[in-house]
Amino acid sequence: MDDDPDIPRIANLLADPARAKILRTLIDGTMRPAGELAYTANISAQSASAHLAKLVDGGLLAQQAQGRHRYFRLASAQVADAIESLASLSVAIRRPAPRSVLPSKSLPVQFLNARTCYDHLAGEMAVRVCEAMQKARWLTQEGRDFRVTPLGEKALAALDVDLDAARRSRRVFARACVDLTQRRPHVGGALGAALLDLYVERGWILRARRSRVVTITPRGRESFRQVFGTT
């Protein structure tokens with residue numbers, strides 16, 4: 001049928017290691033030049049140009065010209081969700097090995113603690129916040145998504161989270177996104193993005209320009225403890 005999902009086409013785009021590396025590099029939501037992506041994927045500029053063209057034509061990347069340079073970013077939040085979900089799946093279905101929540105021992109502690117996943121918070125702190133909101137009955141999980149309870153509506157409104165704006169978004173409202181390193185869900189979707197905006201605006205979190213790793217400020221640690229009961 002014509003309306004069947006074209007999974008083989010997407011899978012073919014993701015199957016090449018260089019293209020997969022490019023997509024993972026852009027999971028932080030930044031826009032990066034072709035030369036930097038070529039270096040990250042350890043391929044030539046000519047090869048990168050061909051891969052980037054395929055990803056743009058395939059709808060996974062968007063590009064923007066600035067002078068003589070072309071910059072690339074993930075085309076949408078849906079693409080970011082798919083990349084992160086596949087990364088989590090790859091860890092989950094690996095052959096049995098000594099149990100560990102870490103996909104790699106070489107990952108820095110800061111990456112494990114707090115980082116961005118496109119436009120929402122990921123890592124240990126994000127998982128703790130998610131668990132705290134469920135324990136406080138602000139959220140209930142329904143399949144792959146979360147539902148905000150009446151109690152959660154009041155609590156999030158008190159934090160100045162614009163739930164109406166998040167619901168008007170064309171994307172999933174509140175996705176239960178399985179964290180790549182913690183193997184437990186954090187809050188993704190439009191609600192996750194709204195929460196990250198709140199953390200940044202209030203100075204709880206400092207974002208790095210060219211890294212997914214974020215810094216939780218002393219004010220942030222105290223605020224997370226007071227609001228969510230995290231330790």
# chains A, B, ... in the order shown; residues from 1 in each chain; ligands from 1
$ residues_around --residues "A:Val172" --least-positions-apart "2" --cutoff "10 Å" --atoms "only C-alpha atoms" --output "MDAnalysis selection string"
chainID A and resid 77:78 81 145:146 166:170 174:175 188:191
$ write_last_selection --atoms "C-alpha atoms" --output "CSV table (one decimal), in the first residue's frame"
chain,number,residue,atom,x,y,z
A,77,ALA,CA,12.5,16.3,16.5
A,78,GLN,CA,11.1,13.1,15.0
A,81,ASP,CA,13.7,10.7,18.6
A,145,ASP,CA,4.2,8.3,26.3
A,146,PHE,CA,3.5,10.2,29.5
A,166,ALA,CA,3.6,22.2,24.2
A,167,ARG,CA,0.3,20.6,23.3
A,168,ARG,CA,-0.1,22.8,20.3
A,169,SER,CA,3.2,21.5,18.9
A,170,ARG,CA,3.0,19.1,16.0
A,174,ALA,CA,5.5,13.9,26.3
A,175,ARG,CA,7.5,10.9,25.1
A,188,GLY,CA,11.1,13.8,25.8
A,189,GLY,CA,8.8,15.4,23.3
A,190,ALA,CA,7.4,18.9,23.5
A,191,LEU,CA,7.2,18.7,27.3
$ residues_around --residues "stretch 10-16 of chain A" --least-positions-apart "3" --cutoff "8 Å" --atoms "only C-alpha atoms" --output "list of chain:residue names"
A:Asp6, A:Ile7, A:Arg19, A:Ala20, A:Lys54, A:Leu55, A:Gly58
$ select_by_dssp --residues "stretch 19-218 of chain A" --states "strand (DSSP E)" --output "mmCIF file with N, CA, C and O atoms, in the first residue's frame"
data_model
loop_
_atom_site.group_PDB
_atom_site.id
_atom_site.type_symbol
_atom_site.label_atom_id
_atom_site.label_comp_id
_atom_site.auth_asym_id
_atom_site.auth_seq_id
_atom_site.Cartn_x
_atom_site.Cartn_y
_atom_site.Cartn_z
ATOM 1 N N ARG A 32 25.853 22.451 12.020
ATOM 2 C CA ARG A 32 27.306 22.356 11.852
ATOM 3 C C ARG A 32 27.684 22.333 10.379
ATOM 4 O O ARG A 32 26.929 21.837 9.539
ATOM 5 N N PRO A 33 28.884 22.854 10.057
ATOM 6 C CA PRO A 33 29.323 22.897 8.660
ATOM 7 C C PRO A 33 29.745 21.530 8.146
ATOM 8 O O PRO A 33 30.089 20.621 8.919
ATOM 9 N N LEU A 61 18.054 15.319 7.210
ATOM 10 C CA LEU A 61 18.796 16.547 7.518
ATOM 11 C C LEU A 61 18.195 17.730 6.775
ATOM 12 O O LEU A 61 17.590 17.576 5.713
ATOM 13 N N ALA A 62 18.389 18.898 7.347
ATOM 14 C CA ALA A 62 18.060 20.161 6.677
ATOM 15 C C ALA A 62 19.358 20.934 6.529
ATOM 16 O O ALA A 62 20.268 20.810 7.356
ATOM 17 N N GLN A 63 19.482 21.728 5.475
ATOM 18 C CA GLN A 63 20.706 22.492 5.253
ATOM 19 C C GLN A 63 20.398 23.975 5.086
ATOM 20 O O GLN A 63 19.288 24.354 4.708
ATOM 21 N N GLN A 64 21.402 24.771 5.373
ATOM 22 C CA GLN A 64 21.283 26.223 5.233
ATOM 23 C C GLN A 64 22.608 26.768 4.736
ATOM 24 O O GLN A 64 23.675 26.420 5.271
ATOM 25 N N ALA A 65 22.556 27.613 3.730
ATOM 26 C CA ALA A 65 23.766 28.212 3.176
ATOM 27 C C ALA A 65 24.054 29.531 3.881
ATOM 28 O O ALA A 65 23.159 30.353 4.075
ATOM 29 N N GLN A 66 25.312 29.717 4.265
ATOM 30 C CA GLN A 66 25.781 30.974 4.848
ATOM 31 C C GLN A 66 27.083 31.333 4.146
ATOM 32 O O GLN A 66 28.127 30.771 4.433
ATOM 33 N N HIS A 69 29.636 28.609 2.762
ATOM 34 C CA HIS A 69 29.555 27.399 3.570
ATOM 35 C C HIS A 69 28.118 26.895 3.678
ATOM 36 O O HIS A 69 27.162 27.668 3.626
ATOM 37 N N ARG A 70 27.997 25.584 3.822
ATOM 38 C CA ARG A 70 26.711 24.967 4.055
ATOM 39 C C ARG A 70 26.697 24.376 5.465
ATOM 40 O O ARG A 70 27.637 23.713 5.884
ATOM 41 N N TYR A 71 25.609 24.621 6.164
ATOM 42 C CA TYR A 71 25.442 24.115 7.519
ATOM 43 C C TYR A 71 24.284 23.129 7.555
ATOM 44 O O TYR A 71 23.285 23.304 6.847
ATOM 45 N N PHE A 72 24.418 22.116 8.412
ATOM 46 C CA PHE A 72 23.431 21.043 8.456
ATOM 47 C C PHE A 72 22.948 20.824 9.883
ATOM 48 O O PHE A 72 23.682 21.002 10.843
ATOM 49 N N ARG A 73 21.691 20.419 9.986
ATOM 50 C CA ARG A 73 21.081 20.063 11.273
ATOM 51 C C ARG A 73 20.069 18.950 11.039
ATOM 52 O O ARG A 73 19.681 18.682 9.896
ATOM 53 N N LEU A 74 19.643 18.307 12.114
ATOM 54 C CA LEU A 74 18.590 17.313 11.983
ATOM 55 C C LEU A 74 17.318 17.999 11.488
ATOM 56 O O LEU A 74 17.010 19.118 11.889
ATOM 57 N N ARG A 115 23.141 15.695 29.919
ATOM 58 C CA ARG A 115 23.455 16.065 28.545
ATOM 59 C C ARG A 115 22.142 16.363 27.828
ATOM 60 O O ARG A 115 21.064 16.133 28.380
ATOM 61 N N THR A 116 22.230 16.857 26.624
ATOM 62 C CA THR A 116 21.024 17.075 25.851
ATOM 63 C C THR A 116 20.800 15.926 24.875
ATOM 64 O O THR A 116 21.746 15.307 24.400
ATOM 65 N N CYS A 117 19.546 15.645 24.615
ATOM 66 C CA CYS A 117 19.132 14.717 23.567
ATOM 67 C C CYS A 117 18.263 15.555 22.637
ATOM 68 O O CYS A 117 17.066 15.723 22.889
ATOM 69 N N HIS A 120 15.917 18.183 24.638
ATOM 70 C CA HIS A 120 15.481 17.911 26.000
ATOM 71 C C HIS A 120 16.640 17.314 26.802
ATOM 72 O O HIS A 120 17.662 16.937 26.244
ATOM 73 N N LEU A 121 16.475 17.275 28.105
ATOM 74 C CA LEU A 121 17.533 16.821 28.993
ATOM 75 C C LEU A 121 17.578 15.306 29.048
ATOM 76 O O LEU A 121 16.547 14.633 29.084
ATOM 77 N N ALA A 122 18.800 14.753 29.044
ATOM 78 C CA ALA A 122 19.014 13.317 29.151
ATOM 79 C C ALA A 122 20.096 13.064 30.202
ATOM 80 O O ALA A 122 20.722 13.991 30.701
ATOM 81 N N LEU A 139 3.054 12.761 36.607
ATOM 82 C CA LEU A 139 3.023 12.051 35.328
ATOM 83 C C LEU A 139 2.616 10.605 35.548
ATOM 84 O O LEU A 139 2.938 10.010 36.585
ATOM 85 N N THR A 140 1.927 10.055 34.569
ATOM 86 C CA THR A 140 1.685 8.614 34.534
ATOM 87 C C THR A 140 2.083 8.132 33.146
ATOM 88 O O THR A 140 1.846 8.823 32.148
ATOM 89 N N GLN A 141 2.721 6.967 33.090
ATOM 90 C CA GLN A 141 3.168 6.449 31.802
ATOM 91 C C GLN A 141 2.069 5.630 31.153
ATOM 92 O O GLN A 141 1.436 4.781 31.787
ATOM 93 N N GLU A 142 1.836 5.904 29.869
ATOM 94 C CA GLU A 142 0.850 5.174 29.076
ATOM 95 C C GLU A 142 1.522 4.724 27.790
ATOM 96 O O GLU A 142 1.609 5.477 26.826
ATOM 97 N N ASP A 145 4.362 6.920 25.965
ATOM 98 C CA ASP A 145 4.215 8.337 26.304
ATOM 99 C C ASP A 145 3.824 8.538 27.763
ATOM 100 O O ASP A 145 3.457 7.599 28.464
ATOM 101 N N PHE A 146 3.917 9.798 28.190
ATOM 102 C CA PHE A 146 3.466 10.192 29.520
ATOM 103 C C PHE A 146 2.186 11.017 29.400
ATOM 104 O O PHE A 146 1.989 11.737 28.423
ATOM 105 N N ARG A 147 1.343 10.916 30.421
ATOM 106 C CA ARG A 147 0.185 11.789 30.549
ATOM 107 C C ARG A 147 0.369 12.644 31.788
ATOM 108 O O ARG A 147 0.760 12.148 32.848
ATOM 109 N N VAL A 148 0.113 13.950 31.655
ATOM 110 C CA VAL A 148 0.207 14.852 32.794
ATOM 111 C C VAL A 148 -1.097 14.779 33.573
ATOM 112 O O VAL A 148 -2.184 14.981 33.003
ATOM 113 N N ALA A 176 8.054 9.015 26.595
ATOM 114 C CA ALA A 176 8.876 8.287 27.564
ATOM 115 C C ALA A 176 10.104 7.784 26.810
ATOM 116 O O ALA A 176 10.107 6.683 26.269
ATOM 117 N N CYS A 177 11.135 8.599 26.783
ATOM 118 C CA CYS A 177 12.330 8.330 25.987
ATOM 119 C C CYS A 177 13.322 7.523 26.835
ATOM 120 O O CYS A 177 13.801 8.005 27.864
ATOM 121 N N VAL A 178 13.599 6.287 26.419
ATOM 122 C CA VAL A 178 14.520 5.441 27.179
ATOM 123 C C VAL A 178 15.928 6.012 27.076
ATOM 124 O O VAL A 178 16.472 6.161 25.983
ATOM 125 N N PRO A 185 13.484 5.613 31.505
ATOM 126 C CA PRO A 185 12.973 6.742 30.720
ATOM 127 C C PRO A 185 13.245 8.109 31.326
ATOM 128 O O PRO A 185 13.283 8.278 32.544
ATOM 129 N N HIS A 186 13.454 9.075 30.433
ATOM 130 C CA HIS A 186 13.396 10.476 30.796
ATOM 131 C C HIS A 186 12.289 11.108 29.954
ATOM 132 O O HIS A 186 11.708 10.453 29.096
ATOM 133 N N VAL A 187 11.977 12.368 30.206
ATOM 134 C CA VAL A 187 10.864 13.023 29.515
ATOM 135 C C VAL A 187 11.355 13.667 28.233
ATOM 136 O O VAL A 187 12.212 14.561 28.251
ATOM 137 N N ILE A 205 20.847 25.156 34.494
ATOM 138 C CA ILE A 205 21.712 24.404 33.584
ATOM 139 C C ILE A 205 22.410 25.368 32.636
ATOM 140 O O ILE A 205 21.804 26.337 32.170
ATOM 141 N N LEU A 206 23.685 25.093 32.339
ATOM 142 C CA LEU A 206 24.445 25.844 31.346
ATOM 143 C C LEU A 206 24.748 24.919 30.178
ATOM 144 O O LEU A 206 25.284 23.820 30.368
ATOM 145 N N ARG A 207 24.388 25.356 28.978
ATOM 146 C CA ARG A 207 24.644 24.555 27.787
ATOM 147 C C ARG A 207 25.993 24.909 27.193
ATOM 148 O O ARG A 207 26.436 26.062 27.262
ATOM 149 N N VAL A 214 25.920 19.142 29.460
ATOM 150 C CA VAL A 214 25.505 20.387 30.097
ATOM 151 C C VAL A 214 26.005 20.401 31.539
ATOM 152 O O VAL A 214 26.286 19.347 32.119
ATOM 153 N N THR A 215 26.120 21.597 32.084
ATOM 154 C CA THR A 215 26.586 21.774 33.458
ATOM 155 C C THR A 215 25.423 22.144 34.348
ATOM 156 O O THR A 215 24.680 23.086 34.047
ATOM 157 N N ILE A 216 25.239 21.407 35.425
ATOM 158 C CA ILE A 216 24.219 21.758 36.415
ATOM 159 C C ILE A 216 24.868 22.700 37.421
ATOM 160 O O ILE A 216 25.849 22.350 38.065
#
$ atom_distance --atom1 "atom CA of A:Leu198" --atom2 "atom CA of A:Val227"
12.6 Å
$ closest_residue --among "A:Leu156, A:Val161, A:Ile27, A:Leu52" --to "A:Asp197" --atoms "only C-alpha atoms"
A:Val161
$ residues_around --residues "A:Gly123" --least-positions-apart "4" --cutoff "6 Å" --atoms "only C-alpha atoms" --output "PDB file with N, CA and C atoms, in the first residue's frame"
ATOM      1  N   LEU A 112      27.373  11.172  31.370  1.00  0.00           N
ATOM      2  CA  LEU A 112      26.421  10.279  32.009  1.00  0.00           C
ATOM      3  C   LEU A 112      25.462  11.034  32.908  1.00  0.00           C
ATOM      4  N   ASN A 113      25.941  12.093  33.536  1.00  0.00           N
ATOM      5  CA  ASN A 113      25.139  12.823  34.513  1.00  0.00           C
ATOM      6  C   ASN A 113      24.092  13.708  33.858  1.00  0.00           C
ATOM      7  N   ALA A 114      24.480  14.508  32.883  1.00  0.00           N
ATOM      8  CA  ALA A 114      23.528  15.437  32.275  1.00  0.00           C
ATOM      9  C   ALA A 114      24.011  15.855  30.894  1.00  0.00           C
ATOM     10  N   ARG A 115      23.141  15.695  29.919  1.00  0.00           N
ATOM     11  CA  ARG A 115      23.455  16.065  28.545  1.00  0.00           C
ATOM     12  C   ARG A 115      22.142  16.363  27.828  1.00  0.00           C
TER      13      ARG A 115
END
$ residues_around --residues "A:Asp119" --least-positions-apart "3" --cutoff "8 Å" --atoms "only C-alpha atoms" --output "ChimeraX atom specification"
/A:28-29,77,116,192-193,196
$ closest_residue --among "A:Gly203, A:Pro150, A:Pro218, A:Gly67" --to "A:Arg137" --atoms "only C-alpha atoms"
A:Pro150
$ atom_distance --atom1 "atom CA of A:Asp162" --atom2 "atom CA of A:Ala194"
7.4 Å
$ atom_distance --atom1 "atom CA of A:Glu84" --atom2 "atom CA of A:Ala155"
28.5 Å
$ closest_residue --among "A:Gln182, A:Ala75, A:Arg171, A:Val129" --to "A:Arg221" --atoms "only C-alpha atoms"
A:Val129
$ closest_residue --among "A:Val200, A:Asp164, A:Phe173, A:Arg210" --to "A:Glu36" --atoms "only C-alpha atoms"
A:Arg210
$ select_by_dssp --residues "stretch 21-215 of chain A" --states "helix (DSSP H, G or I)" --output "ChimeraX atom specification"
/A:21-28,34-41,45-57,77-92,109-113,124-135,150-158,163-168,189-201
$ residues_around --residues "A:Gln226" --least-positions-apart "6" --cutoff "12 Å" --atoms "only C-alpha atoms" --output "list in words"
Val129, Ala132, Arg219 and Gly220 of chain A
